[in-house]
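Student: Quick one: the structure is below, and I'll ask about it shortly.
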Amino acid sequence: MRLPAAAAPPLPALLLAATVGGWLAAPGPPRAAAPGGSASGGSAAALAALARPGARARVTAVLDGDTVRVRAAGTEATVRYLGADAPESVHPREPVGCFGPAAARRNRAWVLGRVVVLRFDRERVDRYGRLLAAVRPVGWRRTTSERLVAEGAARTLVIAPNGADAPRLRALEDRARAARRGLWGACPDALRSRR
């Protein structure tokens with residue numbers, strides 16, 4: 001059924017529906033945001049700008065060890081790295097985690113001000129409106145998640161339906177644990193923790 005022209009939804013609503021509903025998604029079944037979530041206007045516009053393969057953005061802020069702000073096509077959005085979970089360094093309701101500030105410093109040194117390419121998995125926006133992406137600075141072969149995990153600045157975190165990088169990240173984490181790099185050597189409870 002076709003809506004009369006006067007009842008057609010505004011373009012921002014269509015863009016948001018396309019983003020959250022997965023119409024702009026990469027190959028694979030479309031995935032919505034987590035229950036109760038939706039992309040913010042900035043995230044929706046940034047996702048639309050970054051949906052093209054090879055699209056680039058500039059990192060404008062590093063929020064912690066696994067979250068950044070990017071600017072693309074005149075819009076800013078928050079990006080949560082896929083596959084990596086750095087210890088907390090600034091969470092308002094969580095204590096600062098062992099190695100959290102060090103992970104945030106490394107992330108800042110590696111990506112702040114740099115141009116990056118974002119690669120999405122099946123679910124592109126989380127319930128907080130953050131884009132979920134593997135972030136690779138231009139000129140790097142590895143994603144930032146891979147480097148964080150390899151250096152022991154983060155542990156592997158896989159949340160379905162995403163997980164395309166999980167085998168590679170788990171192998172990097174196993175090597176970092178065995179070598180006691182980063183948090184695996186600095187944090188007494190790290191080696192007792194589960195994945």
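Chain identifiers are assigned as A, B, and so on, following the order in which chains appear in the structure tokens; residues are numbered from 1 within each chain, and ligands are numbered from 1 in order of appearance.
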Would you please extract all helix (DSSP H, G or I) residues from segment 45-129 of chain A, as assigned by DSSP on the backbone, and give them as an MDAnalysis selection string?
Tutor: chainID A and resid 45:50 100:111
Student: Taking 6 positions as the minimum chain separation for residues in the same chain, which residues sit within 7 Å of segment 140-157 of chain A when counting only C-alpha atoms? Answer as a list in words.
Tutor: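 The contact residues come out as Tyr81, Leu82, Gly83, Ala84, Asp85, Ala86, Pro87, Phe99, Ala103, Ala134, Leu169, Arg170, Leu172, Glu173, Ala176, Arg181, Gly182, Leu183 and Trp184 of chain A.
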Student: Could you tell me how far atom CA of Ala57 of chain A lies from atom CA of Glu76 of chain A, in Å and to one decimal?
Tutor: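 We find that atom CA of Ala57 of chain A and atom CA of Glu76 of chain A lie 9.2 Å from each other.
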Student: When distances are computed from only C-alpha atoms, which of A:Gly185, A:Pro92, A:Gly65, A:Gly129 shows the smallest separation from Leu112 of chain A?
Tutor: A:Gly65
Student: From the list A:Arg52, A:Arg105, A:Arg127, A:Arg93, which residue is nearest Asp64 of chain A when using only C-alpha atoms?
Tutor: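 Answer, going by the shortest atom-to-atom distance: A:Arg105.
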Student: Closest to Val158 of chain A among A:Leu47, A:Asp174, A:Thr60, A:Leu132, using only C-alpha atoms?
Tutor: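 The shortest atom-to-atom distance to Val158 of chain A comes from A:Leu132.
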Student: Between A:Pro53, A:Ala45, A:Val59, A:Cys98, which has the minimum distance to Gly74 of chain A (counting only C-alpha atoms)?
Tutor: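 Looking only at the distances to Gly74 of chain A, the closest residue turns out to be A:Ala45.
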Student: Atom CA of Ala46 of chain A and atom CA of His91 of chain A are how many Å apart?
Tutor: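 Atom-to-atom, atom CA of Ala46 of chain A and atom CA of His91 of chain A are spaced 24.1 Å apart.
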Student: From segment 41-192 of chain A, collect each residue whose DSSP state is strand (DSSP E or B) and return the set as a PyMOL selection string.
Tutor: chain A and resi 56-62+67-72+75-81+84-85+115-119+125+131-137+155-156
Student: Take the residues just selected and output them with N, CA and C atoms as a JSON list (two decimals), in the first residue's frame.
Tutor:
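Saved the output as out-v9.json:
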```json
[["chain", "number", "residue", "atom", "x", "y", "z"],
["A", 56, "ARG", "N", 35.93, 6.49, 4.66],
["A", 56, "ARG", "CA", 36.87, 6.89, 5.70],
["A", 56, "ARG", "C", 36.27, 7.90, 6.64],
["A", 57, "ALA", "N", 36.83, 7.95, 7.84],
["A", 57, "ALA", "CA", 36.43, 8.92, 8.86],
["A", 57, "ALA", "C", 37.68, 9.35, 9.61],
["A", 58, "ARG", "N", 37.57, 10.47, 10.32],
["A", 58, "ARG", "CA", 38.68, 10.94, 11.15],
["A", 58, "ARG", "C", 38.29, 10.75, 12.61],
["A", 59, "VAL", "N", 39.23, 10.21, 13.41],
["A", 59, "VAL", "CA", 38.99, 10.07, 14.84],
["A", 59, "VAL", "C", 39.17, 11.43, 15.49],
["A", 60, "THR", "N", 38.10, 11.93, 16.13],
["A", 60, "THR", "CA", 38.13, 13.26, 16.75],
["A", 60, "THR", "C", 38.32, 13.20, 18.26],
["A", 61, "ALA", "N", 38.04, 12.06, 18.87],
["A", 61, "ALA", "CA", 38.21, 11.91, 20.32],
["A", 61, "ALA", "C", 38.36, 10.43, 20.65],
["A", 62, "VAL", "N", 39.14, 10.17, 21.69],
["A", 62, "VAL", "CA", 39.27, 8.81, 22.22],
["A", 62, "VAL", "C", 38.59, 8.85, 23.58],
["A", 67, "THR", "N", 36.65, 2.77, 22.70],
["A", 67, "THR", "CA", 35.58, 3.60, 22.15],
["A", 67, "THR", "C", 36.16, 4.93, 21.68],
["A", 68, "VAL", "N", 35.75, 5.34, 20.47],
["A", 68, "VAL", "CA", 36.22, 6.61, 19.90],
["A", 68, "VAL", "C", 35.05, 7.39, 19.31],
["A", 69, "ARG", "N", 35.30, 8.65, 19.00],
["A", 69, "ARG", "CA", 34.37, 9.47, 18.23],
["A", 69, "ARG", "C", 35.01, 9.69, 16.87],
["A", 70, "VAL", "N", 34.18, 9.58, 15.82],
["A", 70, "VAL", "CA", 34.68, 9.82, 14.47],
["A", 70, "VAL", "C", 33.81, 10.86, 13.78],
["A", 71, "ARG", "N", 34.40, 11.53, 12.81],
["A", 71, "ARG", "CA", 33.67, 12.48, 11.97],
["A", 71, "ARG", "C", 33.73, 11.98, 10.54],
["A", 72, "ALA", "N", 32.54, 11.91, 9.93],
["A", 72, "ALA", "CA", 32.43, 11.49, 8.54],
["A", 72, "ALA", "C", 31.29, 12.28, 7.91],
["A", 75, "THR", "N", 29.38, 14.74, 10.04],
["A", 75, "THR", "CA", 28.63, 14.23, 11.19],
["A", 75, "THR", "C", 29.57, 13.47, 12.10],
["A", 76, "GLU", "N", 29.34, 13.58, 13.42],
["A", 76, "GLU", "CA", 30.13, 12.82, 14.39],
["A", 76, "GLU", "C", 29.31, 11.67, 14.95],
["A", 77, "ALA", "N", 30.00, 10.58, 15.27],
["A", 77, "ALA", "CA", 29.36, 9.42, 15.87],
["A", 77, "ALA", "C", 30.35, 8.72, 16.79],
["A", 78, "THR", "N", 29.81, 8.04, 17.79],
["A", 78, "THR", "CA", 30.63, 7.24, 18.69],
["A", 78, "THR", "C", 30.75, 5.84, 18.11],
["A", 79, "VAL", "N", 31.96, 5.28, 18.15],
["A", 79, "VAL", "CA", 32.22, 3.95, 17.63],
["A", 79, "VAL", "C", 32.79, 3.08, 18.74],
["A", 80, "ARG", "N", 32.16, 1.96, 19.00],
["A", 80, "ARG", "CA", 32.64, 0.95, 19.96],
["A", 80, "ARG", "C", 33.33, -0.12, 19.13],
["A", 81, "TYR", "N", 34.61, -0.39, 19.47],
["A", 81, "TYR", "CA", 35.37, -1.39, 18.71],
["A", 81, "TYR", "C", 34.73, -2.76, 18.82],
["A", 84, "ALA", "N", 36.87, -6.34, 21.01],
["A", 84, "ALA", "CA", 37.85, -6.03, 22.06],
["A", 84, "ALA", "C", 37.16, -5.35, 23.23],
["A", 85, "ASP", "N", 37.60, -5.70, 24.43],
["A", 85, "ASP", "CA", 37.06, -5.08, 25.64],
["A", 85, "ASP", "C", 38.23, -4.66, 26.52],
["A", 115, "VAL", "N", 43.02, 9.24, 10.15],
["A", 115, "VAL", "CA", 41.96, 8.80, 9.25],
["A", 115, "VAL", "C", 41.88, 7.28, 9.37],
["A", 116, "VAL", "N", 40.66, 6.78, 9.51],
["A", 116, "VAL", "CA", 40.45, 5.35, 9.70],
["A", 116, "VAL", "C", 39.39, 4.84, 8.73],
["A", 117, "VAL", "N", 39.42, 3.54, 8.52],
["A", 117, "VAL", "CA", 38.39, 2.85, 7.75],
["A", 117, "VAL", "C", 37.63, 1.98, 8.74],
["A", 118, "LEU", "N", 36.31, 2.03, 8.69],
["A", 118, "LEU", "CA", 35.47, 1.22, 9.57],
["A", 118, "LEU", "C", 34.92, 0.04, 8.78],
["A", 119, "ARG", "N", 34.96, -1.13, 9.41],
["A", 119, "ARG", "CA", 34.38, -2.33, 8.80],
["A", 119, "ARG", "C", 33.33, -2.87, 9.77],
["A", 125, "VAL", "N", 24.78, -1.20, 15.06],
["A", 125, "VAL", "CA", 24.50, -0.19, 16.09],
["A", 125, "VAL", "C", 24.08, -0.91, 17.35],
["A", 131, "LEU", "N", 27.98, 3.13, 16.97],
["A", 131, "LEU", "CA", 28.31, 2.26, 15.86],
["A", 131, "LEU", "C", 29.21, 1.15, 16.38],
["A", 132, "LEU", "N", 29.06, -0.05, 15.86],
["A", 132, "LEU", "CA", 29.90, -1.20, 16.21],
["A", 132, "LEU", "C", 30.74, -1.52, 14.99],
["A", 133, "ALA", "N", 32.05, -1.33, 15.11],
["A", 133, "ALA", "CA", 32.89, -1.51, 13.92],
["A", 133, "ALA", "C", 34.31, -1.90, 14.29],
["A", 134, "ALA", "N", 34.95, -2.60, 13.36],
["A", 134, "ALA", "CA", 36.39, -2.81, 13.43],
["A", 134, "ALA", "C", 37.00, -1.56, 12.81],
["A", 135, "VAL", "N", 37.92, -0.93, 13.52],
["A", 135, "VAL", "CA", 38.53, 0.34, 13.09],
["A", 135, "VAL", "C", 39.97, 0.07, 12.70],
["A", 136, "ARG", "N", 40.31, 0.46, 11.47],
["A", 136, "ARG", "CA", 41.68, 0.27, 10.99],
["A", 136, "ARG", "C", 42.23, 1.60, 10.51],
["A", 137, "PRO", "N", 43.25, 2.12, 11.21],
["A", 137, "PRO", "CA", 43.87, 3.35, 10.71],
["A", 137, "PRO", "C", 44.45, 3.13, 9.31],
["A", 155, "ARG", "N", 40.93, -7.57, 26.26],
["A", 155, "ARG", "CA", 40.62, -8.99, 26.09],
["A", 155, "ARG", "C", 39.61, -9.12, 24.96],
["A", 156, "THR", "N", 39.47, -10.31, 24.44],
["A", 156, "THR", "CA", 38.50, -10.56, 23.37],
["A", 156, "THR", "C", 37.09, -10.53, 23.94]]
```
Student: So what do you get for atom CA of Arg177 of chain A versus atom CA of Asp189 of chain A, distance-wise?
Tutor: 12.2 Å
Student: Go through A:Cys187, A:Ala179, A:Ala166, A:Val138 one by one, measure the shortest atom-to-atom distance of each to Gly54 of chain A using only C-alpha atoms, and give the residue with the smallest value.
Tutor: A:Val138
